[in-house]
Each structure stands twice: as structure tokens, then as C-alpha cells.
$ cat data12.cif   # mmCIF, C-alpha atoms
data_run
#
loop_
_atom_site.label_atom_id
_atom_site.label_comp_id
_atom_site.auth_asym_id
_atom_site.auth_seq_id
_atom_site.Cartn_x
_atom_site.Cartn_y
_atom_site.Cartn_z
CA MET A 15 -89.59 -168.34 131.98
CA PRO A 16 -87.94 -165.98 134.51
CA ALA A 17 -90.22 -163.23 135.80
CA ASP A 18 -88.04 -160.49 134.33
CA GLU A 19 -88.43 -161.88 130.80
CA SER A 20 -92.21 -162.16 130.99
CA SER A 21 -92.47 -158.46 131.72
CA ILE A 22 -90.77 -157.38 128.46
CA ASN A 23 -93.29 -155.74 126.15
CA LEU A 24 -91.88 -154.73 122.79
CA THR A 25 -95.17 -153.66 121.18
CA HIS A 26 -94.52 -150.56 118.99
CA HIS A 27 -90.80 -151.36 118.83
CA PHE A 28 -88.47 -152.20 115.98
CA LEU A 29 -86.56 -155.46 115.87
CA ILE A 30 -83.35 -154.88 113.93
CA ALA A 31 -81.65 -158.02 112.62
CA MET A 32 -78.07 -158.52 113.75
CA PRO A 33 -75.52 -159.51 111.05
CA GLY A 34 -75.40 -163.08 112.38
CA LEU A 35 -79.09 -163.62 111.56
CA GLN A 36 -78.87 -165.41 108.21
CA ASP A 37 -82.51 -166.53 107.85
CA ALA A 38 -83.55 -165.43 104.33
CA ALA A 39 -86.79 -163.85 105.56
CA PHE A 40 -85.08 -161.79 108.25
CA SER A 41 -81.51 -161.07 107.12
CA LYS A 42 -80.89 -157.28 107.42
CA SER A 43 -84.55 -156.78 108.24
CA VAL A 44 -86.39 -154.25 110.37
CA VAL A 45 -89.57 -155.68 111.91
CA TYR A 46 -92.25 -153.44 113.38
CA LEU A 47 -93.84 -155.28 116.32
CA CYS A 48 -97.61 -154.81 116.32
CA GLU A 49 -98.15 -157.00 119.36
CA HIS A 50 -95.98 -158.62 122.02
CA SER A 51 -97.25 -160.45 125.06
CA ALA A 52 -96.52 -163.53 127.13
CA ARG A 53 -98.28 -165.55 124.39
CA GLY A 54 -95.87 -164.45 121.68
CA ALA A 55 -95.28 -161.65 119.17
CA LEU A 56 -96.57 -160.50 115.79
CA GLY A 57 -94.89 -158.02 113.46
CA LEU A 58 -94.33 -156.85 109.90
CA VAL A 59 -91.01 -156.55 108.07
CA ILE A 60 -90.91 -152.93 106.84
CA ASN A 61 -87.83 -152.96 104.60
CA LYS A 62 -88.24 -155.92 102.21
CA PRO A 63 -90.31 -154.88 99.18
CA SER A 64 -91.91 -157.57 97.04
CA ASP A 65 -91.93 -157.42 93.25
CA ILE A 66 -95.42 -155.88 93.12
CA ASN A 67 -96.64 -152.39 93.97
CA LEU A 68 -99.98 -151.13 95.23
CA GLY A 69 -101.13 -150.39 91.69
CA ASN A 70 -100.60 -154.10 90.79
CA LEU A 71 -102.24 -155.25 94.02
CA PHE A 72 -105.37 -153.19 93.44
CA ASP A 73 -105.58 -154.59 89.89
CA LYS A 74 -105.45 -158.11 91.38
CA VAL A 75 -108.27 -157.43 93.85
CA GLU A 76 -110.23 -155.67 91.08
CA LEU A 77 -110.44 -152.29 92.79
CA PRO A 78 -109.46 -148.93 91.33
CA LEU A 79 -106.73 -147.18 93.33
CA GLY A 80 -108.04 -143.70 94.01
CA ARG A 81 -104.71 -142.53 95.36
CA ASN A 82 -102.13 -141.74 92.67
CA ASP A 83 -99.57 -141.02 95.41
CA LEU A 84 -99.64 -144.71 96.38
CA ALA A 85 -99.65 -146.44 92.97
CA ARG A 86 -95.89 -147.05 92.82
CA THR A 87 -95.51 -147.80 96.53
CA PRO A 88 -94.16 -151.32 96.98
CA VAL A 89 -96.09 -154.07 98.69
CA PHE A 90 -93.81 -155.53 101.36
CA GLN A 91 -92.87 -159.08 102.32
CA GLY A 92 -94.14 -158.79 105.88
CA GLY A 93 -92.89 -162.19 106.95
CA PRO A 94 -93.11 -165.90 106.23
CA VAL A 95 -96.58 -166.53 107.73
CA GLN A 96 -99.76 -166.35 105.55
CA THR A 97 -97.89 -164.83 102.60
CA GLU A 98 -101.05 -164.77 100.45
CA ARG A 99 -102.88 -162.54 102.92
CA GLY A 100 -102.71 -158.75 103.06
CA PHE A 101 -101.89 -156.71 106.15
CA VAL A 102 -102.23 -152.92 106.15
CA LEU A 103 -100.26 -150.93 108.72
CA HIS A 104 -101.58 -147.38 108.89
CA GLU A 105 -102.10 -144.32 110.99
CA ALA A 106 -105.06 -144.57 113.34
CA VAL A 107 -108.21 -143.40 111.55
CA PHE A 108 -111.08 -141.81 113.41
CA THR A 109 -114.46 -140.74 112.16
CA ARG A 110 -116.48 -138.06 113.94
CA GLU A 111 -118.81 -140.75 115.23
CA SER A 112 -116.13 -143.15 116.47
CA ALA A 113 -114.32 -142.84 119.75
CA PRO A 114 -110.52 -143.09 119.55
CA SER A 115 -110.74 -146.61 120.97
CA GLU A 116 -113.04 -147.85 118.20
CA PRO A 117 -111.31 -148.79 114.92
CA VAL A 118 -113.06 -147.67 111.74
CA TYR A 119 -112.44 -150.90 109.81
CA ALA A 120 -113.95 -154.35 110.42
CA SER A 121 -110.80 -156.22 111.40
CA THR A 122 -108.30 -153.87 112.99
CA MET A 123 -105.73 -154.19 115.75
CA THR A 124 -105.08 -150.93 117.59
CA ILE A 125 -101.41 -150.53 118.46
CA PRO A 126 -100.26 -148.15 121.21
CA GLY A 127 -98.30 -145.39 119.49
CA GLY A 128 -100.95 -144.16 117.05
CA LEU A 129 -100.93 -146.99 114.50
CA GLU A 130 -103.41 -149.67 113.51
CA MET A 131 -103.07 -152.89 111.52
CA THR A 132 -106.07 -153.86 109.40
CA THR A 133 -106.64 -157.18 107.65
CA SER A 134 -110.15 -156.57 106.28
CA LYS A 135 -110.75 -155.51 102.68
CA ASP A 136 -112.68 -152.38 103.72
CA VAL A 137 -109.44 -150.43 104.20
CA LEU A 138 -108.53 -151.18 100.55
CA GLU A 139 -112.03 -150.16 99.49
CA ALA A 140 -111.56 -146.84 101.30
CA LEU A 141 -108.25 -146.28 99.50
CA SER A 142 -109.93 -147.15 96.20
CA THR A 143 -112.24 -144.14 96.63
CA GLY A 144 -109.35 -141.81 97.44
CA ALA A 145 -110.14 -141.89 101.16
CA GLY A 146 -108.68 -144.10 103.88
CA PRO A 147 -105.55 -143.56 105.93
CA ARG A 148 -103.07 -141.02 104.60
CA LYS A 149 -100.01 -143.13 105.36
CA VAL A 150 -100.05 -146.88 104.74
CA LEU A 151 -97.67 -149.81 104.49
CA VAL A 152 -99.18 -152.88 102.84
CA SER A 153 -97.56 -156.27 103.29
CA LEU A 154 -98.26 -159.82 102.20
CA GLY A 155 -97.59 -162.13 105.12
CA TYR A 156 -96.47 -161.39 108.65
CA SER A 157 -93.87 -162.46 111.19
CA ALA A 158 -94.81 -164.38 114.30
CA TRP A 159 -93.09 -165.81 117.36
CA GLY A 160 -94.60 -168.30 119.78
CA GLU A 161 -94.49 -168.07 123.54
CA GLY A 162 -90.93 -167.34 124.69
CA GLN A 163 -89.50 -167.66 121.16
CA LEU A 164 -88.67 -163.99 120.62
CA GLU A 165 -87.18 -163.73 124.10
CA SER A 166 -84.90 -166.67 123.24
CA GLU A 167 -83.81 -164.98 120.00
CA LEU A 168 -83.10 -161.76 121.90
CA ALA A 169 -81.00 -163.71 124.40
CA GLU A 170 -79.04 -165.15 121.46
CA ASN A 171 -78.30 -161.62 120.17
CA SER A 172 -80.26 -162.18 116.96
CA TRP A 173 -82.00 -158.81 117.27
CA LEU A 174 -81.49 -155.30 118.55
CA THR A 175 -84.60 -153.52 119.83
CA VAL A 176 -85.55 -149.86 119.89
CA GLY A 177 -88.77 -147.91 120.31
CA ALA A 178 -90.42 -147.45 116.90
CA ASP A 179 -90.26 -144.16 115.03
CA ILE A 180 -93.25 -143.86 112.67
CA ALA A 181 -91.17 -141.71 110.30
CA VAL A 182 -88.92 -144.71 109.57
CA ILE A 183 -91.98 -146.71 108.46
CA PHE A 184 -93.70 -144.10 106.30
CA ASP A 185 -91.22 -141.33 105.43
CA THR A 186 -87.84 -143.06 105.01
CA PRO A 187 -86.83 -144.57 101.64
CA VAL A 188 -86.95 -148.37 101.83
CA GLU A 189 -83.22 -148.87 101.24
CA GLN A 190 -82.39 -146.52 104.15
CA ARG A 191 -84.72 -148.02 106.77
CA TYR A 192 -82.20 -150.48 108.24
CA GLU A 193 -79.57 -147.79 108.80
CA LYS A 194 -82.19 -145.31 110.02
CA ALA A 195 -83.51 -147.80 112.58
CA LEU A 196 -79.95 -148.46 113.78
CA SER A 197 -79.35 -144.71 114.08
CA LEU A 198 -82.15 -144.59 116.68
CA LEU A 199 -79.69 -146.52 118.87
CA GLY A 200 -76.76 -144.33 117.84
CA LEU A 201 -75.35 -147.16 115.73
CA GLN A 202 -74.32 -147.77 112.12
CA SER A 203 -74.17 -151.18 110.46
CA TRP A 204 -70.36 -151.17 110.22
CA MET A 205 -70.23 -151.11 114.02
CA LEU A 206 -72.02 -154.47 114.29
CA SER A 207 -70.02 -157.67 114.40
CA PRO A 208 -71.64 -160.98 113.45
CA ASP A 209 -70.15 -162.28 116.71
CA ALA A 210 -71.42 -159.42 118.90
CA GLY A 211 -72.28 -160.44 122.40
CA HIS A 212 -70.73 -163.92 122.27
CA ALA A 213 -67.80 -164.77 124.53
#
$ encode --input "data12.cif" --output "C-alpha cells"
Amino acid sequence: MPADESSINLTHHFLIAMPGLQDAAFSKSVVYLCEHSARGALGLVINKPSDINLGNLFDKVELPLGRNDLARTPVFQGGPVQTERGFVLHEAVFTRESAPSEPVYASTMTIPGGLEMTTSKDVLEALSTGAGPRKVLVSLGYSAWGEGQLESELAENSWLTVGADIAVIFDTPVEQRYEKALSLLGLQSWMLSPDAGHA
């Protein structure tokens, strides 16, 4: 891999699918990258709701949902890997006792940019009591790229990239997230050609 490619770090960025990307899991998707390094990348699709909501999910895991504001929030299809497993993207949560560098939950990845991704059930238990992070996106499954794979897809013009805006994840209606992410680049979907970038 050329040295310039290995230095790309797209952690806390959006991947925005180009029109030519026809893969069912990623067509017209916006992926939030939680981690990107020389070893590969991991992210969550933030604009493909599943057919269940958080109310249904909490019923399935036999927990009450102590947050009425979240009951109708969709659970997302985060990607094609481990689709039976839950991933919770949320604002960083600090207790008075914890330092900012110490996550509150048992299995949490801290992401530069003020977000965390938790895979342990304790975050759901916190939400069940009405506590927990104020803003959450829950997905089943995640998206992953092996070493050099994402860089290859970028070189093939499969994705546009832009620094993530947390408001797109938590405050933008699902059906507007693709266009909103594009607008961060000053683009609209009609401007994109399926053949963009190819001679």
C-alpha cells in the first residue's frame, strides 16, 4: 500500500454511497465510521431502518423501556456483519467518578468527536431505567472492511467522504440523512452520476 494511503484516517467521518454502488446493504447508504486504521474500518449504516423499533427490541430482551421518547425510534440495519448483535452509538457519557477517557459501560469504544459505541447490555439496562445516554442510535449488525479494502473502494469512487456531523445522526429524519450528508459537501444527489470519476 502506498504511504499516502496508509495515512488516511476516516474515523468520525461519513461514507456516502455513490449511485454506482449497487450492493443491497449499501445502496444509497450513509455509514458512520467508528474506527479506521491500517488494519481496516468499522462503521454503522445510519439511514437504513429495520422493521422493528426500540420498543419492540426492549420487549425482545425482556427489559422495560424507561424512555417514552425512544419507543418508536427505529432500530437500524447497521451492516451485513453480525446482524443478530446490537450496537449502540451514543453521545459520550461521563459519571462524576469517571474521567472523560473512561467509558461508563462495560464494552465501549470511544470515538474521537464525542461519541461512543457500546455493545454491552448495560447501556440498554440504563435506558430501561430512564437513564443512559440522551441521544442513541441502535443498530443490528455493523459494516466492516479489511486491511486496504475501504481504500480500494474509495479509489473506485464507490464512496464520498466527509467529516461527520452528529446532528445528521441524531437530529435529522431518517429519510433526509443521505441528502443532508451530501449537503455537507455542497452536493445534492441529482449532481451525482453513476459514472462519476471514470474516464
$ residues_around --input "data12.cif" --residues "A:Gly144" --least-positions-apart "5" --cutoff "12 Å" --atoms "all atoms listed in the file" --output "MDAnalysis selection string"
chainID A and resid 77:85 137:139
$ residues_around --input "data12.cif" --residues "A:Ile22" --least-positions-apart "5" --cutoff "10 Å" --atoms "only C-alpha atoms" --output "list in words"
Ala17, His50, Ser51, Ala52 and Glu165 of chain A
$ atom_distance --input "data12.cif" --atom1 "atom CA of A:Arg99" --atom2 "atom CA of A:Ala140"
18.0 Å
$ resolve_selection --input "data12.cif" --expression "the PyMOL selection byres ((chain A and resi 103) around 6)" --output "list in words"
Val102, His104, Glu130, Met131, Val150 and Leu151 of chain A
$ write_last_selection --input "data12.cif" --atoms "C-alpha atoms" --output "tab-separated table (two decimals), in the frame of the given file"
chain	number	residue	atom	x	y	z
A	102	VAL	CA	-102.23	-152.92	106.15
A	104	HIS	CA	-101.58	-147.38	108.89
A	130	GLU	CA	-103.41	-149.67	113.51
A	131	MET	CA	-103.07	-152.89	111.52
A	150	VAL	CA	-100.05	-146.88	104.74
A	151	LEU	CA	-97.67	-149.81	104.49
$ resolve_selection --input "data12.cif" --expression "the PyMOL selection byres ((chain A and resi 55) around 10)" --output "list in words"
Asn23, Leu24, Thr25, Leu47, Cys48, Glu49, His50, Ser51, Ala52, Arg53, Gly54, Leu56, Gly57, Ser157, Ala158, Trp159, Gly160, Glu161, Gly162, Gln163, Leu164 and Glu165 of chain A
$ write_last_selection --input "data12.cif" --atoms "C-alpha atoms" --output "CSV table (one decimal), keeping the file's coordinate frame"
chain,number,residue,atom,x,y,z
A,23,ASN,CA,-93.3,-155.7,126.2
A,24,LEU,CA,-91.9,-154.7,122.8
A,25,THR,CA,-95.2,-153.7,121.2
A,47,LEU,CA,-93.8,-155.3,116.3
A,48,CYS,CA,-97.6,-154.8,116.3
A,49,GLU,CA,-98.2,-157.0,119.4
A,50,HIS,CA,-96.0,-158.6,122.0
A,51,SER,CA,-97.2,-160.4,125.1
A,52,ALA,CA,-96.5,-163.5,127.1
A,53,ARG,CA,-98.3,-165.6,124.4
A,54,GLY,CA,-95.9,-164.4,121.7
A,56,LEU,CA,-96.6,-160.5,115.8
A,57,GLY,CA,-94.9,-158.0,113.5
A,157,SER,CA,-93.9,-162.5,111.2
A,158,ALA,CA,-94.8,-164.4,114.3
A,159,TRP,CA,-93.1,-165.8,117.4
A,160,GLY,CA,-94.6,-168.3,119.8
A,161,GLU,CA,-94.5,-168.1,123.5
A,162,GLY,CA,-90.9,-167.3,124.7
A,163,GLN,CA,-89.5,-167.7,121.2
A,164,LEU,CA,-88.7,-164.0,120.6
A,165,GLU,CA,-87.2,-163.7,124.1
$ atom_distance --input "data12.cif" --atom1 "atom CA of A:Gly127" --atom2 "atom CA of A:Val59"
17.6 Å
$ resolve_selection --input "data12.cif" --expression "the PyMOL selection byres ((chain A and resi 86) around 7)" --output "MDAnalysis selection string"
chainID A and resid 67:69 84:85 87:88
$ closest_atom_pairs --input "data12.cif" --of "stretch 155-183 of chain A" --to "stretch 62-65 of chain A" --cutoff "12 Å" --atoms "only C-alpha atoms" --output "Markdown table"
| residue | atom | partner | partner_atom | distance |
| --- | --- | --- | --- | --- |
| A:Gly155 | CA | A:Ser64 | CA | 10.9 |
| A:Tyr156 | CA | A:Lys62 | CA | 11.8 |
| A:Ile183 | CA | A:Lys62 | CA | 11.7 |
$ closest_residue --input "data12.cif" --among "A:Ser142, A:Val89, A:Pro126, A:Ser172" --to "A:Ser207" --atoms "only C-alpha atoms"
A:Ser172
$ residues_around --input "data12.cif" --residues "stretch 186-201 of chain A" --least-positions-apart "3" --cutoff "8 Å" --atoms "all atoms listed in the file" --output "number ranges by chain"
A: 28, 30, 42-44, 60-63, 176, 181-183, 205
$ atom_distance --input "data12.cif" --atom1 "atom CA of A:Phe90" --atom2 "atom CA of A:Leu168"
24.0 Å
$ closest_residue --input "data12.cif" --among "A:Val75, A:Ala31, A:Ala145, A:Val107" --to "A:Thr132" --atoms "all atoms listed in the file"
A:Val107
$ closest_residue --input "data12.cif" --among "A:Asn171, A:Thr97, A:Thr124, A:Gln36" --to "A:Leu206" --atoms "only C-alpha atoms"
A:Asn171
